[in-house]
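Structure below is structure-v3.cif: mmCIF, C-alpha atoms.
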```
data_upload
loop_
_atom_site.label_atom_id
_atom_site.label_comp_id
_atom_site.auth_asym_id
_atom_site.auth_seq_id
_atom_site.Cartn_x
_atom_site.Cartn_y
_atom_site.Cartn_z
CA MET M 1 -3.97 -136.67 65.31
CA LYS M 2 -3.66 -140.46 65.14
CA THR M 3 -0.53 -141.99 66.58
CA PHE M 4 1.12 -145.21 65.45
CA SER M 5 -0.06 -148.12 67.55
CA TRP M 6 2.21 -151.12 68.00
CA ARG M 7 -0.66 -152.92 69.72
CA GLY M 8 -3.02 -152.43 66.77
CA CYS M 9 -0.30 -153.45 64.38
CA PHE M 10 0.38 -156.65 66.34
CA ILE M 11 -3.32 -157.58 66.49
CA ALA M 12 -3.68 -157.02 62.73
CA LEU M 13 -0.65 -159.20 62.09
CA ALA M 14 -1.91 -161.95 64.39
CA VAL M 15 -5.31 -161.96 62.68
CA THR M 16 -3.67 -162.13 59.25
CA VAL M 17 -1.44 -165.03 60.27
CA GLY M 18 -4.42 -166.83 61.78
CA PHE M 19 -6.48 -166.52 58.63
CA THR M 20 -3.55 -167.55 56.48
CA THR M 21 -3.12 -170.77 58.43
CA VAL M 22 -6.82 -171.61 58.23
CA THR M 23 -6.91 -170.93 54.50
CA PHE M 24 -3.97 -173.15 53.65
CA ALA M 25 -4.67 -176.24 55.69
CA ASP M 26 -7.93 -177.65 54.42
CA HIS M 27 -7.34 -181.06 52.89
CA SER M 28 -8.52 -183.38 55.62
CA TRP M 29 -10.21 -186.51 54.26
CA GLY M 30 -13.67 -186.13 55.73
CA GLY M 31 -12.33 -185.48 59.23
CA TYR M 32 -11.37 -189.16 59.51
CA HIS M 33 -8.51 -189.80 61.90
CA TRP M 34 -6.96 -192.40 64.15
CA ALA M 35 -8.25 -192.10 67.70
CA ARG M 36 -5.49 -191.55 70.24
CA GLU M 37 -5.06 -189.95 73.62
CA ALA M 38 -1.76 -188.13 73.06
CA ASN M 39 0.60 -186.84 70.39
CA PRO M 40 2.79 -187.93 68.79
CA PHE M 41 1.11 -191.28 68.30
CA THR M 42 2.73 -194.34 66.79
CA LEU M 43 1.18 -196.02 63.80
CA LYS M 44 2.56 -199.33 62.61
CA VAL M 45 2.99 -199.76 58.87
CA GLY M 46 3.03 -203.39 57.77
CA ASP M 47 5.58 -204.02 55.04
CA ASN M 48 4.10 -206.42 52.48
CA VAL M 49 5.94 -204.93 49.51
CA SER M 50 8.55 -206.52 47.29
CA SER M 51 12.17 -205.40 47.15
CA ALA M 52 11.30 -203.10 44.23
CA TRP M 53 9.21 -201.02 46.60
CA ASP M 54 11.14 -201.23 49.87
CA ALA M 55 13.17 -198.08 49.34
CA TYR M 56 10.07 -196.08 48.40
CA LEU M 57 8.14 -197.25 51.41
CA ASP M 58 11.09 -196.38 53.66
CA GLU M 59 11.34 -192.96 52.08
CA ALA M 60 7.64 -192.23 52.45
CA ILE M 61 7.71 -193.27 56.11
CA SER M 62 10.73 -191.08 56.69
CA ASP M 63 9.05 -188.15 54.92
CA TRP M 64 5.89 -188.33 57.02
CA ASN M 65 7.83 -188.81 60.22
CA ALA M 66 8.84 -185.17 59.92
CA SER M 67 5.32 -184.53 61.24
CA GLU M 68 5.16 -183.58 64.89
CA VAL M 69 1.90 -185.45 65.51
CA LEU M 70 2.58 -188.96 64.25
CA GLU M 71 5.35 -191.53 64.22
CA LEU M 72 5.17 -194.20 61.53
CA SER M 73 6.95 -197.42 62.41
CA LYS M 74 7.63 -200.06 59.77
CA VAL M 75 6.89 -203.61 60.90
CA VAL M 76 6.71 -206.99 59.22
CA GLY M 77 3.53 -207.31 57.20
CA THR M 78 0.86 -209.87 58.01
CA THR M 79 -0.92 -210.36 54.70
CA ARG M 80 -0.47 -211.72 51.24
CA PRO M 81 -0.17 -208.76 48.86
CA ARG M 82 -2.88 -210.09 46.54
CA GLN M 83 -5.50 -210.00 49.29
CA CYS M 84 -3.87 -207.18 51.27
CA ARG M 85 -6.04 -207.89 54.27
CA ALA M 86 -6.23 -205.20 56.92
CA THR M 87 -4.91 -205.61 60.45
CA ALA M 88 -6.65 -203.87 63.32
CA GLY M 89 -4.91 -200.74 64.52
CA ARG M 90 -2.41 -200.36 61.72
CA ILE M 91 -1.72 -199.81 58.03
CA GLU M 92 -0.79 -202.67 55.70
CA VAL M 93 1.04 -201.70 52.50
CA CYS M 94 1.08 -204.12 49.57
CA ASN M 95 2.11 -204.27 45.93
CA GLU M 96 0.88 -206.67 43.30
CA ARG M 97 -0.39 -206.76 39.73
CA TYR M 98 -3.96 -205.84 40.58
CA GLY M 99 -4.92 -205.48 36.89
CA ASN M 100 -6.10 -202.60 34.70
CA THR M 101 -8.10 -201.04 37.45
CA GLY M 102 -7.52 -197.43 36.43
CA TRP M 103 -5.61 -196.67 39.62
CA LEU M 104 -1.91 -196.65 40.40
CA GLY M 105 -2.53 -196.87 44.09
CA ILE M 106 -5.57 -197.15 46.32
CA ALA M 107 -5.99 -196.51 50.03
CA GLN M 108 -8.72 -198.06 52.10
CA ILE M 109 -9.82 -197.10 55.59
CA TRP M 110 -12.23 -198.85 57.95
CA LEU M 111 -14.28 -196.52 60.10
CA ASP M 112 -15.96 -196.39 63.45
CA GLY M 113 -17.68 -193.05 63.17
CA LEU M 114 -14.88 -190.60 62.35
CA HIS M 115 -12.21 -192.92 63.72
CA ILE M 116 -10.02 -195.00 61.45
CA THR M 117 -9.66 -198.49 62.88
CA GLN M 118 -7.47 -200.11 60.20
CA ALA M 119 -6.17 -199.23 56.76
CA THR M 120 -4.50 -200.60 53.67
CA THR M 121 -2.55 -199.23 50.72
CA LYS M 122 -2.26 -201.14 47.46
CA LEU M 123 0.30 -200.24 44.80
CA ASN M 124 -0.61 -201.54 41.36
CA ASP M 125 2.31 -203.19 39.55
CA THR M 126 0.19 -203.64 36.44
CA TYR M 127 0.99 -199.99 35.80
CA PHE M 128 4.30 -199.68 37.66
CA THR M 129 5.89 -202.24 35.35
CA THR M 130 5.08 -200.13 32.29
CA SER M 131 7.58 -197.67 30.85
CA THR M 132 5.34 -194.71 31.74
CA TYR M 133 5.12 -195.36 35.48
CA ASN M 134 8.14 -197.50 36.24
CA LYS M 135 10.03 -194.43 37.40
CA PRO M 136 11.23 -193.39 40.85
CA ALA M 137 9.25 -190.15 40.77
CA TRP M 138 5.93 -191.92 40.16
CA ARG M 139 6.69 -194.57 42.79
CA ARG M 140 7.58 -191.88 45.34
CA LEU M 141 4.48 -189.80 44.65
CA VAL M 142 2.02 -192.67 44.84
CA THR M 143 3.55 -194.32 47.94
CA CYS M 144 3.70 -190.99 49.76
CA GLN M 145 0.10 -190.12 48.81
CA GLU M 146 -1.62 -193.43 49.52
CA ILE M 147 -0.22 -193.97 53.00
CA ALA M 148 -1.17 -190.38 53.83
CA HIS M 149 -4.79 -191.14 52.88
CA ASP M 150 -4.54 -193.90 55.48
CA PHE M 151 -4.04 -191.34 58.24
CA GLY M 152 -6.63 -188.88 57.00
CA LEU M 153 -5.10 -186.58 54.41
CA ASP M 154 -6.93 -185.80 51.18
CA HIS M 155 -5.57 -184.36 47.94
CA GLN M 156 -4.50 -180.73 47.92
CA ASP M 157 -5.44 -180.46 44.25
CA GLU M 158 -7.09 -182.80 41.73
CA VAL M 159 -6.18 -181.21 38.41
CA PHE M 160 -3.43 -183.16 36.69
CA ASP M 161 -2.27 -180.60 34.16
CA ASN M 162 -1.86 -177.49 36.29
CA PRO M 163 1.37 -176.35 37.99
CA ASN M 164 2.67 -178.59 40.76
CA LEU M 165 2.18 -177.52 44.36
CA GLY M 166 5.28 -179.33 45.57
CA SER M 167 3.29 -181.94 47.48
CA CYS M 168 2.67 -185.64 46.93
CA MET M 169 -0.96 -184.85 47.81
CA ASP M 170 -1.26 -182.91 44.52
CA TYR M 171 -2.25 -184.82 41.38
CA THR M 172 0.09 -184.24 38.46
CA ASN M 173 1.21 -185.60 35.11
CA ASN M 174 4.77 -184.70 35.99
CA PRO M 175 5.84 -185.75 39.49
CA LEU M 176 9.32 -184.35 39.01
CA GLY M 177 8.01 -180.83 38.39
CA PRO M 178 9.55 -178.51 39.25
CA PRO M 179 8.49 -178.23 41.90
CA SER M 180 8.63 -181.96 42.64
CA ASN M 181 5.46 -183.67 43.92
CA GLU M 182 7.37 -186.63 45.36
CA HIS M 183 7.26 -185.59 49.00
CA PRO M 184 4.93 -183.83 51.47
CA ASN M 185 5.08 -180.06 51.84
CA SER M 186 4.47 -177.70 54.75
CA HIS M 187 0.72 -177.51 54.07
CA ASP M 188 0.44 -181.26 54.54
CA PHE M 189 2.14 -181.05 57.91
CA ALA M 190 -0.07 -178.08 58.89
CA GLU M 191 -3.15 -180.10 57.96
CA LEU M 192 -1.97 -183.04 60.06
CA ILE M 193 -1.66 -180.70 63.03
CA ASP M 194 -5.22 -179.50 62.40
CA ILE M 195 -6.57 -183.05 62.12
CA TYR M 196 -4.76 -184.28 65.22
CA SER M 197 -4.92 -181.14 67.39
CA HIS M 198 -7.63 -182.66 69.61
CA PHE M 199 -7.37 -185.78 71.75
CA ASP M 200 -9.78 -188.69 71.94
CA SER M 201 -10.88 -190.67 74.94
CA THR M 202 -10.05 -193.92 73.14
CA THR M 203 -7.28 -195.24 70.94
CA THR M 204 -7.63 -197.04 67.62
CA ALA M 205 -3.97 -196.78 66.57
CA GLY M 206 -2.38 -200.05 67.64
CA ALA M 207 -5.64 -201.27 69.15
CA SER M 208 -7.88 -204.20 68.36
CA LEU M 209 -11.15 -203.58 66.57
CA PRO M 210 -14.08 -202.32 68.60
CA LYS M 211 -16.24 -205.27 69.59
CA ALA M 212 -19.77 -205.47 68.30
CA MET M 213 -20.95 -205.02 71.86
CA PRO M 214 -19.30 -202.45 74.12
CA PRO M 215 -17.62 -204.30 77.04
CA ALA M 216 -19.43 -202.12 79.55
CA MET M 217 -22.70 -203.66 78.42
CA GLY M 218 -21.59 -206.89 80.02
CA HIS M 219 -20.91 -205.27 83.38
CA ILE M 220 -24.26 -203.92 84.41
CA ASP M 221 -25.66 -204.68 87.82
CA PHE M 222 -29.30 -205.28 87.01
CA ASP M 223 -30.21 -205.34 90.67
CA THR M 224 -29.46 -201.64 90.89
CA PRO M 225 -32.03 -199.28 89.33
CA ALA M 226 -29.32 -196.62 89.19
CA GLN M 227 -27.72 -198.61 86.33
CA TRP M 228 -30.81 -198.97 84.22
CA GLY M 229 -30.44 -195.59 82.59
CA GLN M 230 -33.26 -193.26 81.69
CA LEU M 231 -36.93 -193.95 82.31
CA VAL M 232 -38.48 -193.78 78.86
CA ARG M 233 -41.98 -195.15 79.48
CA SER M 234 -44.24 -195.81 82.40
CA SER M 235 -47.73 -197.24 82.73
CA ARG M 236 -50.40 -195.08 84.31
CA ASP M 237 -50.12 -196.78 87.65
CA GLY M 238 -46.30 -196.85 87.45
CA ARG M 239 -46.09 -200.59 87.81
CA VAL M 240 -44.69 -201.23 84.36
CA GLN M 241 -41.69 -199.14 83.42
CA LEU M 242 -39.16 -199.15 80.62
CA PHE M 243 -35.61 -197.92 81.16
CA GLU M 244 -33.00 -197.39 78.50
CA LEU M 245 -29.25 -197.27 78.95
CA ASP M 246 -27.66 -195.94 75.76
CA PHE M 247 -24.09 -196.95 74.91
CA GLY M 248 -24.15 -195.13 71.59
CA ARG M 249 -23.94 -196.39 68.01
CA GLY M 250 -27.18 -198.28 68.35
CA HIS M 251 -26.03 -200.28 71.38
CA ARG M 252 -28.46 -200.00 74.23
CA VAL M 253 -29.82 -202.03 77.05
CA VAL M 254 -33.53 -201.88 77.65
CA THR M 255 -34.74 -202.85 81.10
CA HIS M 256 -38.39 -203.67 81.34
CA VAL M 257 -39.52 -203.64 84.95
CA PHE M 258 -42.73 -205.01 86.38
CA TRP M 259 -42.83 -203.46 89.79
CA ALA M 260 -44.33 -205.60 92.50
CA ASP M 261 -47.20 -204.35 94.52
CA PRO M 262 -47.33 -206.77 97.46
CA GLU M 263 -50.59 -205.40 98.71
CA ARG M 264 -52.41 -205.83 95.42
CA ASP M 265 -50.68 -209.07 94.43
CA ARG M 266 -51.73 -210.65 97.67
CA HIS M 267 -55.37 -210.67 96.52
CA MET U 1 -46.87 -214.24 90.87
CA ALA U 2 -47.60 -213.54 94.48
CA GLY U 3 -45.17 -216.17 95.67
CA VAL U 4 -42.22 -214.95 93.66
CA PRO U 5 -39.93 -212.54 95.45
CA LEU U 6 -39.71 -209.01 94.08
CA ARG U 7 -35.96 -209.17 93.38
CA ALA U 8 -36.35 -212.38 91.41
CA ARG U 9 -39.12 -210.90 89.30
CA ILE U 10 -37.06 -207.81 88.53
CA PHE U 11 -34.05 -209.95 87.66
CA VAL U 12 -36.01 -212.15 85.25
CA ALA U 13 -37.55 -209.10 83.60
CA ALA U 14 -34.15 -207.47 83.22
CA VAL U 15 -32.59 -210.57 81.69
CA LEU U 16 -35.47 -210.87 79.23
CA ALA U 17 -35.10 -207.21 78.34
CA LEU U 18 -31.34 -207.62 77.82
CA ALA U 19 -31.91 -210.55 75.49
CA VAL U 20 -34.34 -208.51 73.43
CA ALA U 21 -31.98 -205.52 73.34
CA CYS U 22 -28.96 -207.58 72.34
CA ALA U 23 -30.92 -209.31 69.59
CA GLY U 24 -31.63 -205.80 68.32
CA PRO U 25 -34.71 -204.44 66.73
CA SER U 26 -35.33 -205.43 63.12
CA GLU U 27 -34.40 -202.24 61.34
CA ALA U 28 -35.54 -201.35 57.88
CA GLU U 29 -32.85 -201.33 55.23
CA ILE U 30 -31.91 -198.00 53.70
CA SER U 31 -32.70 -197.67 50.01
CA ARG U 32 -30.16 -197.83 47.21
CA ASP U 33 -30.78 -194.17 46.39
CA ARG U 34 -30.21 -193.17 50.01
CA ALA U 35 -26.98 -195.18 50.14
CA VAL U 36 -25.74 -193.56 46.94
CA ALA U 37 -26.60 -190.11 48.29
CA ILE U 38 -24.68 -190.80 51.51
CA ALA U 39 -21.69 -192.18 49.64
CA ARG U 40 -21.76 -189.32 47.13
CA GLN U 41 -20.91 -186.88 49.92
CA GLN U 42 -17.57 -188.65 50.33
CA ILE U 43 -16.22 -187.92 46.87
CA THR U 44 -14.88 -184.74 45.37
CA PHE U 45 -15.07 -185.63 41.69
CA GLN U 46 -18.00 -185.78 39.27
CA PRO U 47 -18.65 -189.49 38.69
CA ASP U 48 -19.21 -190.84 35.20
CA SER U 49 -20.53 -194.09 36.58
CA THR U 50 -22.15 -195.13 39.84
CA GLU U 51 -22.77 -198.71 40.91
CA ALA U 52 -24.39 -199.95 44.10
CA GLU U 53 -24.59 -203.56 45.20
CA ARG U 54 -25.79 -205.32 48.30
CA THR U 55 -23.00 -207.22 49.99
CA THR U 56 -21.49 -207.79 53.43
CA LEU U 57 -18.38 -206.49 55.17
CA ASN U 58 -17.22 -208.67 58.04
CA GLY U 59 -20.71 -210.07 58.24
CA LYS U 60 -22.34 -206.64 58.30
CA PRO U 61 -24.84 -205.96 55.51
CA VAL U 62 -23.64 -203.00 53.44
CA TRP U 63 -24.34 -201.18 50.24
CA ARG U 64 -21.06 -201.08 48.30
CA VAL U 65 -21.20 -197.94 46.18
CA THR U 66 -18.53 -197.53 43.51
CA PHE U 67 -17.94 -194.24 41.72
CA ARG U 68 -15.66 -193.79 38.74
CA GLY U 69 -14.83 -190.58 36.94
CA ARG U 70 -12.20 -188.65 35.06
CA LEU U 71 -10.35 -185.72 36.49
CA PRO U 72 -9.05 -182.76 34.47
CA GLY U 73 -5.90 -183.75 32.62
CA GLN U 74 -5.88 -187.30 33.99
CA PRO U 75 -3.50 -189.53 32.00
CA PRO U 76 -5.04 -191.98 29.51
CA GLY U 77 -5.98 -195.31 31.03
CA LEU U 78 -6.33 -193.92 34.55
CA PHE U 79 -9.53 -192.84 36.22
CA GLU U 80 -10.63 -191.85 39.68
CA THR U 81 -12.25 -194.55 41.77
CA ALA U 82 -13.96 -194.39 45.14
CA ILE U 83 -15.67 -197.33 46.84
CA VAL U 84 -17.85 -196.54 49.82
CA ASP U 85 -19.41 -199.22 52.04
CA VAL U 86 -22.56 -197.94 53.71
CA ASP U 87 -24.20 -199.87 56.56
CA ARG U 88 -27.58 -200.99 55.20
CA SER U 89 -29.27 -200.77 58.58
CA ASN U 90 -28.33 -197.24 59.63
CA GLY U 91 -26.55 -195.49 56.74
CA GLU U 92 -23.22 -195.21 58.54
CA ILE U 93 -20.10 -195.31 56.43
CA VAL U 94 -17.99 -198.27 57.49
CA ARG U 95 -15.25 -198.32 54.87
CA ILE U 96 -13.94 -196.13 52.09
CA ALA U 97 -11.38 -196.75 49.41
CA ARG U 98 -9.97 -194.03 47.21
CA THR U 99 -7.18 -193.56 44.75
#
```

Output the file's structure as structure tokens, nothing else.
Amino acid sequence: MKTFSWRGCFIALAVTVGFTTVTFADHSWGGYHWAREANPFTLKVGDNVSSAWDAYLDEAISDWNASEVLELSKVVGTTRPRQCRATAGRIEVCNERYGNTGWLGIAQIWLDGLHITQATTKLNDTYFTTSTYNKPAWRRLVTCQEIAHDFGLDHQDEVFDNPNLGSCMDYTNNPLGPPSNEHPNSHDFAELIDIYSHFDSTTTAGASLPKAMPPAMGHIDFDTPAQWGQLVRSSRDGRVQLFELDFGRGHRVVTHVFWADPERDRH
Amino acid sequence: MAGVPLRARIFVAAVLALAVACAGPSEAEISRDRAVAIARQQITFQPDSTEAERTTLNGKPVWRVTFRGRLPGQPPGLFETAIVDVDRSNGEIVRIART
């Protein structure tokens, strides 16, 4: 006769919970993320918006700061809204009449591999000054969504005319719902934990842009064969050798060595 | 050559090699079709139009690939846009914009 097993029951429950979490949190934008060495990390958000947008930007920052992995910090912006130029290591948020572009808001990220190095959000007043979109619910949804793209979140759903999911990362024709799509929901925060659960050996949040040449490339002691890297080619007699020291991303130092043979060279 | 010390010869060779490496090899440019294929992997919608142009981003030669498309139920006048900058020398994605 089989007896009730608390242990088996617990394992089954744990597996179910595990699968549930994995199933829900799956709207990372391509795995792109800010490199950082610890959580929570601080990300500066440059305020280049007009007074009509200030409250919405503040609200979006406050909403996302409920996340346990990141801390958004509003700072004075550094760009003209029309250009909305990016600043290394942070997000710049701008509003302007960008024209009939087809988009209410657009987020842009600069990448170094999977790492975001700088980002911008543009909010298009060409639409937000029309009667259709000049509404708090639309402003909240778009501000919330675009700055979230800037730290690596994608849409939860891209069908406009289906029921709302209760997240600003869900496209909708009716931001008010119910449920309202003006703010993040628990799945967004779960996804942020997934995206930022690992740590990097470098930091791009708050950092300057990676230089074209890795700094270490300028600090090689060429007198020391130990710093030449891997031997990749050698002539038959071993007098001509090619070493390669790979810094990644196409940066490498090739050391071509013509070994002296004093005995032979003497003649 | 016989009169030149070994260390000096190695040093000169290493400096020459560094100069060559820093100048970088002349790499072939990836094709437009390849750039579009790389950029296409970054979008989740079915594009109605695809444009690719050669341009530069911070001095780096890129293919700027722009996709536009309509999503189910999308309000009139709005459409989905994604702009992907692909490094012309190695196919790496260096910038993405999305709505």

Among the residues M:Glu71, M:Asp125, M:Glu158, M:Asp58, the one that comes closest to chain U [using only C-alpha atoms]: M:Glu158

Between atom CA of M:Gly30 and atom CA of U:Ala28 - distance in Å to one decimal: 26.7 Å

For atom CA of M:Tyr133 and atom CA of M:Arg82, the interatomic separation in Å (one decimal):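 Rounded to one decimal, the two atoms are 20.1 Å apart.
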
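As for atom CA of M:Gly206 and atom CA of M:His115, they are spaced 12.8 Å apart.
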
Shell around U:Ile83 at 6 Å using only C-alpha atoms, local window under 4 positions removed, as a PyMOL selection string: chain U and resi 65-66+96-97

Target residues per the PyMOL selection byres ((chain U and resi 90-93) around 9), formatted as a ChimeraX atom specification: /M:110-113,250 /U:27-30,34-35,38-39,62-63,84-89,94-96

Resulting file, chosen residues, C-alpha atoms, as a short mmCIF file (atom, residue, chain, number, x, y, z; two decimals), in the frame of the given file:
```cif
data_model
loop_
_atom_site.label_atom_id
_atom_site.label_comp_id
_atom_site.auth_asym_id
_atom_site.auth_seq_id
_atom_site.Cartn_x
_atom_site.Cartn_y
_atom_site.Cartn_z
CA TRP M 110 -12.23 -198.85 57.95
CA LEU M 111 -14.28 -196.52 60.10
CA ASP M 112 -15.96 -196.39 63.45
CA GLY M 113 -17.68 -193.05 63.17
CA GLY M 250 -27.18 -198.28 68.35
CA GLU U 27 -34.40 -202.24 61.34
CA ALA U 28 -35.54 -201.35 57.88
CA GLU U 29 -32.85 -201.33 55.23
CA ILE U 30 -31.91 -198.00 53.70
CA ARG U 34 -30.21 -193.17 50.01
CA ALA U 35 -26.98 -195.18 50.14
CA ILE U 38 -24.68 -190.80 51.51
CA ALA U 39 -21.69 -192.18 49.64
CA VAL U 62 -23.64 -203.00 53.44
CA TRP U 63 -24.34 -201.18 50.24
CA VAL U 84 -17.85 -196.54 49.82
CA ASP U 85 -19.41 -199.22 52.04
CA VAL U 86 -22.56 -197.94 53.71
CA ASP U 87 -24.20 -199.87 56.56
CA ARG U 88 -27.58 -200.99 55.20
CA SER U 89 -29.27 -200.77 58.58
CA VAL U 94 -17.99 -198.27 57.49
CA ARG U 95 -15.25 -198.32 54.87
CA ILE U 96 -13.94 -196.13 52.09
#
```

Matched chain/residue IDs from the PyMOL selection byres ((chain M and resi 204) around 7), as a count of residues only: 11

Option closest in space to chain M, from U:Glu53, U:Arg40, U:Phe45, U:Ser31 [counting all atoms listed in the file]: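 The shortest atom-to-atom distance to chain M comes from U:Phe45.
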
Output of the PyMOL selection byres ((chain U and resi 68) around 7), listed as number ranges by chain: U: 47-50, 66-67, 69, 79-82

Neighbours of point (-5.1, -183.8, 30.5) within 12 Å, using all atoms listed in the file, written as a list in words: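 Residues close enough to count: Glu158, Val159, Phe160, Asp161, Asn162, Tyr171, Thr172, Asn173 and Asn174 of chain M; Arg70, Leu71, Pro72, Gly73, Gln74, Pro75, Pro76, Gly77, Leu78 and Phe79 of chain U.
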
Pick from U:Thr99, U:Arg54, U:Arg64, U:Pro5 nearest to chain M, counting all atoms listed in the file: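 Counting all atoms listed in the file, the residue closest to chain M is U:Thr99.
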
Stretch 145-155 of chain M surroundings by only C-alpha atoms, 9 Å radius, close-in-sequence under 4 positions cut, as a PyMOL selection string: (chain M and resi 26-34+43+45+60-61+64+91+93+105-109+116+118-123+140-141+167-171+182-184+188+191-192+195) or (chain U and resi 98-99)

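With all atoms listed in the file as the atoms that count, the residue of M:Pro163, M:Pro179, M:Pro81, M:Gly102 with the shortest distance to chain U is M:Gly102.
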
Report, as lines of an AutoDock Vina configuration file, the axis-aligned box around all atoms of stretch 107-122 of chain M present in the file, extended by 4 Å on each side; give centre and edge lengths in Å to one decimal place.
```
center_x = -10.0
center_y = -195.9
center_z = 55.6
size_x = 23.4
size_y = 18.5
size_z = 24.3
```

Among the residues U:Pro61, U:Gln42, U:Ala52, U:Arg32, the one that comes closest to chain M [using all atoms listed in the file]: U:Gln42
